[in-house]
file coords_20.txt (compact mmCIF, C-alpha atoms and all ligand atoms)
# COMPACT_ATOMS: atom_id res chain seq x y z
CA MET A 287 -12.16 73.29 101.22
CA GLY A 288 -8.90 71.42 101.58
CA LYS A 289 -7.28 68.30 100.21
CA LYS A 290 -9.49 65.20 100.24
CA ASN A 291 -8.87 62.79 103.06
CA ILE A 292 -7.21 60.01 101.06
CA ASP A 293 -4.35 57.66 101.95
CA TRP A 294 -2.40 59.10 99.00
CA ALA A 295 0.71 56.95 99.51
CA ASN A 296 -1.25 53.72 99.16
CA ILE A 297 -3.53 54.26 96.19
CA GLY A 298 -3.04 52.19 93.06
CA PHE A 299 -3.81 52.97 89.43
CA GLY A 300 -7.60 52.86 89.62
CA TYR A 301 -10.62 55.06 89.00
CA MET A 302 -11.94 57.20 91.83
CA LYS A 303 -14.83 59.49 90.96
CA THR A 304 -13.89 63.14 91.54
CA ASP A 305 -16.26 66.10 91.84
CA ASN A 306 -16.14 67.71 88.40
CA ARG A 307 -15.54 66.97 84.74
CA TYR A 308 -15.62 68.95 81.45
CA VAL A 309 -18.06 68.10 78.65
CA SER A 310 -18.44 69.53 75.15
CA ASN A 311 -20.68 68.18 72.39
CA PHE A 312 -20.23 68.37 68.61
CA LYS A 313 -23.47 68.79 66.66
CA ASN A 314 -24.43 70.40 63.31
CA GLY A 315 -20.77 70.74 62.43
CA ALA A 316 -19.57 72.65 65.52
CA TRP A 317 -18.37 72.12 69.08
CA ASP A 318 -20.52 73.82 71.74
CA ASN A 319 -18.94 76.02 74.44
CA GLY A 320 -18.35 73.19 76.92
CA VAL A 321 -19.22 73.13 80.62
CA ILE A 322 -17.92 71.83 83.92
CA THR A 323 -20.43 69.40 85.38
CA THR A 324 -20.74 67.08 88.36
CA ASP A 325 -22.57 64.51 86.18
CA ASP A 326 -20.32 61.53 85.48
CA LYS A 327 -22.97 59.63 83.48
CA VAL A 328 -23.24 59.46 79.69
CA VAL A 329 -26.63 58.56 78.20
CA LEU A 330 -26.42 57.27 74.63
CA SER A 331 -28.56 55.63 72.00
CA GLU A 332 -28.05 51.87 71.80
CA CYS A 333 -26.93 52.53 68.22
CA ALA A 334 -24.29 55.19 69.03
CA GLY A 335 -21.24 55.11 66.73
CA VAL A 336 -18.91 54.36 69.62
CA LEU A 337 -20.94 51.31 70.65
CA GLN A 338 -21.19 49.87 67.12
CA TYR A 339 -17.83 50.63 65.51
CA SER A 340 -15.63 51.75 68.42
CA GLN A 341 -15.20 55.30 67.12
CA SER A 342 -13.30 56.68 70.09
CA CYS A 343 -9.93 58.05 71.05
CA PHE A 344 -8.46 59.25 74.31
CA GLU A 345 -5.47 60.82 76.01
CA GLY A 346 -3.71 60.61 79.37
CA LEU A 347 -1.77 63.29 81.22
CA LYS A 348 -1.06 64.15 84.83
CA ALA A 349 -1.28 67.15 87.16
CA TYR A 350 1.37 67.44 89.88
CA GLU A 351 1.77 69.55 92.98
CA THR A 352 5.28 71.00 92.98
CA LYS A 353 7.60 71.58 95.90
CA GLU A 354 6.42 75.23 96.02
CA GLY A 355 2.76 74.16 96.13
CA LYS A 356 1.97 75.11 92.52
CA ILE A 357 -0.20 72.79 90.42
CA VAL A 358 1.28 72.01 87.02
CA THR A 359 0.78 69.74 84.04
CA PHE A 360 3.49 68.37 81.77
CA ARG A 361 3.47 69.26 78.06
CA PRO A 362 -0.35 69.26 77.64
CA ASP A 363 0.11 70.85 74.21
CA LEU A 364 1.51 67.52 72.97
CA ASN A 365 -1.53 65.63 74.27
CA ALA A 366 -3.77 68.17 72.53
CA GLN A 367 -1.85 67.69 69.28
CA ARG A 368 -1.88 63.88 69.53
CA MET A 369 -5.64 63.90 70.12
CA VAL A 370 -6.05 65.96 66.94
CA ASP A 371 -3.97 63.36 65.08
CA SER A 372 -6.04 60.51 66.57
CA ALA A 373 -9.32 62.26 65.68
CA LYS A 374 -8.27 62.86 62.07
CA ARG A 375 -7.25 59.23 61.55
CA LEU A 376 -10.62 58.09 62.95
CA GLU A 377 -12.65 60.61 60.88
CA MET A 378 -13.69 62.52 64.00
CA PRO A 379 -13.79 66.33 64.28
CA PRO A 380 -10.60 67.44 66.08
CA PHE A 381 -11.15 69.20 69.39
CA PRO A 382 -9.28 72.54 69.07
CA GLN A 383 -5.90 72.46 70.80
CA GLU A 384 -6.30 75.72 72.72
CA ARG A 385 -9.68 74.50 73.98
CA PHE A 386 -8.09 71.23 75.10
CA ILE A 387 -5.58 73.18 77.25
CA ASP A 388 -8.41 75.38 78.58
CA ALA A 389 -10.37 72.21 79.51
CA VAL A 390 -7.29 70.88 81.37
CA ASP A 391 -7.13 74.16 83.32
CA GLN A 392 -10.84 74.06 84.14
CA VAL A 393 -10.92 70.39 85.17
CA VAL A 394 -7.85 70.58 87.40
CA LYS A 395 -9.00 73.83 88.99
CA ALA A 396 -12.47 72.38 89.64
CA ASN A 397 -10.85 69.31 91.27
CA ALA A 398 -7.94 71.04 93.01
CA ASP A 399 -8.66 69.22 96.29
CA TRP A 400 -8.02 65.94 94.49
CA VAL A 401 -4.48 66.82 93.40
CA PRO A 402 -2.25 64.59 95.56
CA PRO A 403 0.21 66.47 97.80
CA TYR A 404 3.83 66.92 96.70
CA GLY A 405 5.96 63.97 97.76
CA SER A 406 3.02 61.61 98.36
CA GLY A 407 3.90 59.39 95.39
CA ALA A 408 0.45 59.93 93.86
CA THR A 409 -0.61 62.28 91.03
CA LEU A 410 -3.84 63.41 89.40
CA TYR A 411 -4.38 61.49 86.17
CA ILE A 412 -6.41 63.39 83.58
CA ARG A 413 -8.34 61.41 80.96
CA PRO A 414 -9.66 63.27 77.90
CA VAL A 415 -11.88 61.04 75.78
CA MET A 416 -13.91 61.58 72.63
CA PHE A 417 -16.51 59.33 70.97
CA GLY A 418 -19.18 59.14 68.26
CA SER A 419 -22.47 59.72 70.04
CA ASN A 420 -25.31 59.59 67.51
CA GLU A 421 -26.89 56.56 65.83
CA VAL A 422 -24.81 54.85 63.14
CA ILE A 423 -25.80 51.56 61.54
CA GLY A 424 -24.08 51.50 58.13
CA VAL A 425 -20.30 51.60 58.53
CA LYS A 426 -19.52 55.33 58.52
CA PRO A 427 -18.36 58.03 60.92
CA ALA A 428 -20.86 59.52 63.37
CA ASP A 429 -22.18 63.08 62.85
CA GLU A 430 -22.24 63.93 66.56
CA TYR A 431 -19.50 63.53 69.16
CA GLN A 432 -18.83 64.09 72.83
CA PHE A 433 -15.51 65.30 74.22
CA ARG A 434 -15.15 64.69 77.93
CA MET A 435 -12.29 65.24 80.33
CA PHE A 436 -12.31 63.75 83.81
CA CYS A 437 -9.61 63.04 86.35
CA THR A 438 -8.76 60.57 89.10
CA PRO A 439 -5.94 60.43 91.64
CA VAL A 440 -3.56 57.55 90.92
CA GLY A 441 -0.57 55.77 92.37
CA PRO A 442 1.96 53.59 90.51
CA TYR A 443 0.79 51.78 87.36
CA PHE A 444 2.73 48.63 88.22
CA LYS A 445 2.41 47.08 91.67
CA GLY A 446 5.58 47.59 93.66
CA GLY A 447 6.27 51.02 92.15
CA ALA A 448 9.94 51.23 91.20
CA LYS A 449 10.63 47.47 91.53
CA PRO A 450 11.67 45.82 88.26
CA ILE A 451 8.95 43.87 86.49
CA VAL A 452 8.96 40.81 84.23
CA VAL A 453 7.38 41.11 80.78
CA LYS A 454 6.70 38.56 78.06
CA ILE A 455 7.01 38.58 74.28
CA SER A 456 3.43 38.42 73.11
CA ASP A 457 2.16 36.09 70.42
CA PHE A 458 -0.55 38.64 69.67
CA ASP A 459 -0.25 42.00 67.90
CA ARG A 460 -1.73 45.22 69.31
CA ALA A 461 -1.68 46.96 65.95
CA ALA A 462 -1.42 46.28 62.24
CA PRO A 463 1.06 47.61 59.67
CA HIS A 464 -0.59 50.76 58.27
CA GLY A 465 -3.20 50.46 61.04
CA THR A 466 -3.89 52.60 64.10
CA GLY A 467 -0.98 51.71 66.41
CA ASN A 468 0.44 55.22 66.12
CA ILE A 469 -2.69 56.94 67.45
CA LYS A 470 -4.46 56.65 70.78
CA ALA A 471 -7.58 54.83 69.57
CA GLY A 472 -9.66 52.91 72.11
CA LEU A 473 -9.76 50.01 69.65
CA ASN A 474 -6.00 49.40 70.08
CA TYR A 475 -6.61 48.70 73.75
CA ALA A 476 -9.56 46.39 73.00
CA MET A 477 -7.11 44.47 70.77
CA SER A 478 -4.73 44.12 73.71
CA LEU A 479 -7.19 42.93 76.38
CA HIS A 480 -7.00 39.20 75.68
CA ALA A 481 -3.20 39.45 75.52
CA ILE A 482 -2.91 41.30 78.85
CA VAL A 483 -5.32 38.96 80.65
CA THR A 484 -3.27 36.04 79.33
CA ALA A 485 0.04 37.65 80.36
CA HIS A 486 -1.26 38.44 83.88
CA ALA A 487 -2.58 34.88 84.29
CA GLU A 488 0.91 33.62 83.43
CA GLY A 489 2.46 35.95 86.03
CA PHE A 490 3.82 38.69 83.72
CA ALA A 491 3.27 42.42 84.27
CA GLU A 492 3.04 43.43 80.58
CA ASN A 493 3.37 42.28 76.99
CA VAL A 494 6.15 43.31 74.64
CA TYR A 495 4.70 43.53 71.15
CA LEU A 496 6.83 42.84 68.09
CA ASP A 497 6.41 44.71 64.83
CA PRO A 498 3.30 43.27 63.23
CA ALA A 499 4.83 43.03 59.74
CA THR A 500 7.83 40.78 60.42
CA ARG A 501 7.58 39.97 64.15
CA THR A 502 11.36 40.36 64.47
CA THR A 503 11.75 43.86 65.98
CA ILE A 504 10.68 45.33 69.32
CA GLU A 505 7.77 47.78 69.27
CA GLU A 506 6.23 48.70 72.64
CA THR A 507 4.04 47.32 75.42
CA GLY A 508 0.27 47.57 75.85
CA GLY A 509 0.50 50.88 77.70
CA ALA A 510 4.04 52.23 77.40
CA ASN A 511 6.98 52.72 75.02
CA ILE A 512 10.31 50.95 75.63
CA ILE A 513 13.84 52.23 76.23
CA PHE A 514 17.11 50.30 76.49
CA VAL A 515 20.59 51.12 77.74
CA ASP A 516 23.41 49.43 75.83
CA ALA A 517 26.71 48.07 77.17
CA ASP A 518 28.39 51.48 76.66
CA GLY A 519 25.70 53.35 78.62
CA ASN A 520 24.00 54.78 75.50
CA LEU A 521 20.23 55.11 75.29
CA VAL A 522 18.65 53.01 72.54
CA VAL A 523 15.04 53.77 71.61
CA PRO A 524 13.10 51.33 69.41
CA LYS A 525 11.68 52.77 66.20
CA SER A 526 8.83 51.00 64.43
CA ALA A 527 9.48 49.29 61.13
CA SER A 528 5.75 49.63 60.39
CA ASP A 529 4.92 52.98 62.06
CA SER A 530 2.79 51.22 64.64
CA ILE A 531 4.29 52.58 67.89
CA LEU A 532 2.36 55.27 69.79
CA PRO A 533 4.51 58.45 69.85
CA SER A 534 4.87 58.62 73.63
CA ILE A 535 5.29 62.10 75.07
CA THR A 536 7.28 60.65 77.95
CA ARG A 537 9.63 58.87 75.54
CA ARG A 538 10.15 61.99 73.42
CA SER A 539 10.90 63.93 76.62
CA ILE A 540 13.33 61.25 77.86
CA VAL A 541 15.27 61.47 74.60
CA GLN A 542 15.73 65.21 75.14
CA VAL A 543 16.55 64.78 78.84
CA ALA A 544 19.12 62.09 78.00
CA LYS A 545 20.85 64.33 75.45
CA ASP A 546 20.62 67.74 77.11
CA TYR A 547 20.71 66.99 80.84
CA LEU A 548 22.65 63.73 81.05
CA LYS A 549 24.82 64.11 77.92
CA LEU A 550 24.06 60.56 76.82
CA ASN A 551 24.31 59.31 73.27
CA VAL A 552 20.85 58.45 72.00
CA THR A 553 20.08 56.20 69.06
CA GLU A 554 16.55 55.84 67.74
CA ARG A 555 16.49 52.78 65.49
CA THR A 556 14.77 49.48 64.87
CA VAL A 557 15.81 47.01 67.58
CA ARG A 558 15.79 43.29 66.77
CA LEU A 559 14.49 40.87 69.37
CA ASP A 560 17.64 38.77 68.86
CA GLU A 561 19.94 41.61 69.98
CA VAL A 562 18.10 42.54 73.18
CA HIS A 563 20.29 40.23 75.30
CA ASN A 564 23.18 42.66 74.62
CA PHE A 565 21.49 45.49 76.51
CA LYS A 566 22.18 46.26 80.17
CA GLU A 567 18.96 47.98 81.19
CA MET A 568 15.39 48.19 79.98
CA GLY A 569 12.52 50.47 80.99
CA LEU A 570 8.90 51.12 80.08
CA CYS A 571 7.93 54.75 79.75
CA GLY A 572 4.62 56.57 79.63
CA THR A 573 2.39 58.91 81.57
CA ALA A 574 0.99 56.07 83.67
CA ALA A 575 4.20 54.00 83.79
CA VAL A 576 6.53 57.05 84.28
CA ILE A 577 9.74 55.00 83.85
CA SER A 578 9.29 51.46 85.13
CA PRO A 579 12.37 49.22 85.12
CA VAL A 580 12.20 45.79 83.50
CA GLY A 581 14.33 43.05 85.07
CA LYS A 582 13.61 40.23 82.62
CA ILE A 583 11.89 39.45 79.36
CA ASN A 584 10.39 35.99 78.92
CA ASP A 585 10.54 34.92 75.27
CA HIS A 586 8.56 31.68 75.08
CA GLY A 587 10.23 30.25 78.17
CA LYS A 588 13.69 31.63 77.40
CA GLU A 589 14.68 34.36 79.86
CA ILE A 590 16.52 37.50 78.78
CA CYS A 591 17.88 38.89 82.06
CA PHE A 592 19.19 42.44 82.34
CA GLU A 593 22.33 43.16 84.36
CA SER A 594 20.34 45.62 86.50
CA GLY A 595 18.52 42.60 87.99
CA MET A 596 15.22 42.22 89.82
CA GLU A 597 15.93 44.34 92.91
CA GLU A 598 16.33 47.89 91.68
CA MET A 599 16.49 50.26 88.72
CA GLY A 600 19.73 50.22 86.77
CA PRO A 601 21.93 53.31 87.14
CA THR A 602 21.11 54.98 83.82
CA ILE A 603 17.36 54.38 84.03
CA ARG A 604 17.50 55.73 87.59
CA LYS A 605 19.21 58.94 86.43
CA LEU A 606 16.63 59.37 83.68
CA TYR A 607 13.81 58.74 86.15
CA GLU A 608 15.15 61.21 88.68
CA THR A 609 15.77 63.90 86.09
CA LEU A 610 12.40 63.51 84.37
CA THR A 611 10.38 63.44 87.61
CA GLY A 612 12.54 66.30 88.97
CA ILE A 613 11.47 68.39 85.97
CA GLN A 614 7.83 67.32 86.27
CA MET A 615 7.64 68.14 89.98
CA GLY A 616 9.55 71.40 89.83
CA ARG A 617 12.79 70.27 91.50
CA LEU A 618 14.79 70.85 88.31
CA GLU A 619 14.53 73.62 85.76
CA ALA A 620 12.44 72.49 82.79
CA PRO A 621 13.07 73.21 79.11
CA ALA A 622 10.97 76.17 77.94
CA GLY A 623 7.30 75.34 77.48
CA TRP A 624 7.33 71.95 79.22
CA ILE A 625 5.57 72.96 82.43
CA HIS A 626 2.08 74.42 82.27
CA GLU A 627 0.93 75.99 85.52
CA ILE A 628 -2.74 75.82 86.48
CA ARG A 629 -3.71 79.13 88.07
CA LEU A 630 -6.18 78.47 90.85
CA ASN A 631 -7.39 82.06 91.32
N1 LIG A 701 2.22 53.45 74.37
C1 LIG A 701 0.95 53.16 74.66
C2 LIG A 701 0.31 52.03 73.93
C3 LIG A 701 0.25 53.93 75.60
O1 LIG A 701 -1.02 53.64 75.91
C4 LIG A 701 0.90 54.99 76.25
C5 LIG A 701 0.19 55.84 77.19
O2 LIG A 701 -0.24 56.91 76.90
C6 LIG A 701 2.23 55.24 75.92
C7 LIG A 701 2.86 54.46 74.99
C8 LIG A 701 2.97 56.35 76.57
O3 LIG A 701 2.62 57.59 76.01
P1 LIG A 701 2.75 58.91 76.85
O4 LIG A 701 4.16 59.01 77.31
O5 LIG A 701 2.41 59.97 75.90
O6 LIG A 701 1.81 58.80 78.00
C1 LIG A 702 -1.18 56.56 79.83
O1 LIG A 702 -0.03 56.34 80.22
O2 LIG A 702 -1.71 57.68 79.93
C2 LIG A 702 -1.97 55.54 79.22
O3 LIG A 702 -2.91 55.86 78.54
C3 LIG A 702 -1.67 54.14 79.44
C4 LIG A 702 -2.86 53.39 79.89
C5 LIG A 702 -2.55 51.97 79.68
C6 LIG A 702 -3.26 53.68 81.30

call {"tool": "encode", "arguments": {"input": "coords_20.txt", "output": "structure tokens"}}
result
Amino acid sequence: MGKKNIDWANIGFGYMKTDNRYVSNFKNGAWDNGVITTDDKVVLSECAGVLQYSQSCFEGLKAYETKEGKIVTFRPDLNAQRMVDSAKRLEMPPFPQERFIDAVDQVVKANADWVPPYGSGATLYIRPVMFGSNEVIGVKPADEYQFRMFCTPVGPYFKGGAKPIVVKISDFDRAAPHGTGNIKAGLNYAMSLHAIVTAHAEGFAENVYLDPATRTTIEETGGANIIFVDADGNLVVPKSASDSILPSITRRSIVQVAKDYLKLNVTERTVRLDEVHNFKEMGLCGTAAVISPVGKINDHGKEICFESGMEEMGPTIRKLYETLTGIQMGRLEAPAGWIHEIRLN
């Protein structure tokens, strides 16, 4: 077997069915041993908890081929931990963290031919998902659950790859104060669908959500956290006034990269919408988005234009992008514990 015959450089961020996935079921109070299967179909009762009350959470991480031909994942322990946090908040039984990492190893190994080659611009996106699978009619948590982990090769999340995008300030909220914005619940994304369809129809790539309590501070977008660079070249990272931002693993890594590799000053604080015009650069960060530069924000017809412009990444965002992806793809030495190698034999 060898790599699949795919035009890796030209794939977008879409689903492509791969050969194998991992499935484990929770029943009678325990997770079973889990198996690798070729079966991509899920058969459920019409009354399954996930279908009635959206009891589901998910994760997203990537496998990369490094320059030396190793296959690695980036900080999968943090995805495992975040999925435990999501499960607890949704009254679901957490999937054990060490078993999550073992499932990553098994899924990537079983789909090794689907890992895009080093330098192709594509990566293997891994999607762990968990949902209530037995019948639930009164509003309560399910008793049975399925944990599944599948993968699909992907290209850039935003069309045009590293080209700056235009985003809008949304009139909708993706989360509520004291709600579920800080976990990776499927329901948060259902909340954002009308807003993203509206934004796309108006010609914008993403929505910037404001804090749902006061609608005066910057939170995040539908699928990524936000970073800014101020006039002095410092990194400014929005903090939520209502704890409704998803704790992005990419963003937490960027903060460390900025401090330790690039010796930048980093401030994590609430950022008011009315001060954003003072910043020089803006980026969206996440597993899917990596670091995508933003050229302009449209706030109800008023444009906030960043000095970095619409042609290329600004200099600081570029340095962060190159350092982060250098670490992820094995070109730069990583902090201890960040790179998890998948042993194929
Ligand atoms: N914010 C939202 C709403 C997301 O869906 C994601 C994607 O996972 C992120 C932020 C970025 O998080 P991470 O860097 O852990 O992928
Ligand atoms: C990710 O970056 O992994 C996400 O889950 C974002 C999603 C919108 C694709």

call {"tool": "residues_near_point", "arguments": {"input": "coords_20.txt", "point": "(4.6, 72.7, 97.3)", "cutoff": "12 Å", "atoms": "all atoms listed in the file", "output": "VMD selection string"}}
result
chain A and resid 350 to 358 401 to 406 615 to 617

call {"tool": "closest_residue", "arguments": {"input": "coords_20.txt", "among": "A:Phe565, A:Trp624, A:Tyr339, A:Trp317", "to": "Val422 of chain A", "atoms": "all atoms listed in the file"}}
result
A:Tyr339

call {"tool": "residues_around", "arguments": {"input": "coords_20.txt", "residues": "Ile455 of chain A", "least_positions_apart": "6", "cutoff": "7 Å", "atoms": "all atoms listed in the file", "output": "PDB file with C-alpha atoms, in the frame of the given file"}}
result
ATOM      1  CA  ASN A 493       3.370  42.280  76.990  1.00  0.00           C
ATOM      2  CA  VAL A 494       6.150  43.310  74.640  1.00  0.00           C
ATOM      3  CA  TYR A 495       4.700  43.530  71.150  1.00  0.00           C
ATOM      4  CA  ASN A 584      10.390  35.990  78.920  1.00  0.00           C
ATOM      5  CA  ASP A 585      10.540  34.920  75.270  1.00  0.00           C
TER       6      ASP A 585
END

call {"tool": "closest_atom_pairs", "arguments": {"input": "coords_20.txt", "of": "chain A", "to": "ligand LIG 701 (chain A)", "cutoff": "7 Å", "atoms": "all atoms listed in the file", "output": "Markdown table"}}
result
| residue | atom | partner | partner_atom | distance |
| --- | --- | --- | --- | --- |
| A:Glu345 | CA | A:LIG701 | O2 | 6.6 |
| A:Gly346 | CA | A:LIG701 | O2 | 5.6 |
| A:Leu347 | CA | A:LIG701 | O6 | 6.6 |
| A:Lys470 | CA | A:LIG701 | O1 | 6.9 |
| A:Glu506 | CA | A:LIG701 | N1 | 6.5 |
| A:Thr507 | CA | A:LIG701 | C2 | 6.2 |
| A:Gly508 | CA | A:LIG701 | C2 | 4.9 |
| A:Gly509 | CA | A:LIG701 | O1 | 3.6 |
| A:Ala510 | CA | A:LIG701 | C7 | 3.5 |
| A:Asn511 | CA | A:LIG701 | C7 | 4.5 |
| A:Ile531 | CA | A:LIG701 | N1 | 6.9 |
| A:Leu532 | CA | A:LIG701 | N1 | 4.9 |
| A:Pro533 | CA | A:LIG701 | O3 | 6.5 |
| A:Ser534 | CA | A:LIG701 | O3 | 3.4 |
| A:Ile535 | CA | A:LIG701 | O5 | 3.7 |
| A:Thr536 | CA | A:LIG701 | O4 | 3.6 |
| A:Arg537 | CA | A:LIG701 | O4 | 5.8 |
| A:Cys571 | CA | A:LIG701 | C8 | 6.1 |
| A:Gly572 | CA | A:LIG701 | O4 | 3.4 |
| A:Thr573 | CA | A:LIG701 | O6 | 3.6 |
| A:Ala574 | CA | A:LIG701 | O6 | 6.3 |

call {"tool": "closest_residue", "arguments": {"input": "coords_20.txt", "among": "A:Asp529, A:Glu598, A:Asp293, A:Asp325", "to": "Arg307 of chain A", "atoms": "all atoms listed in the file"}}
result
A:Asp325
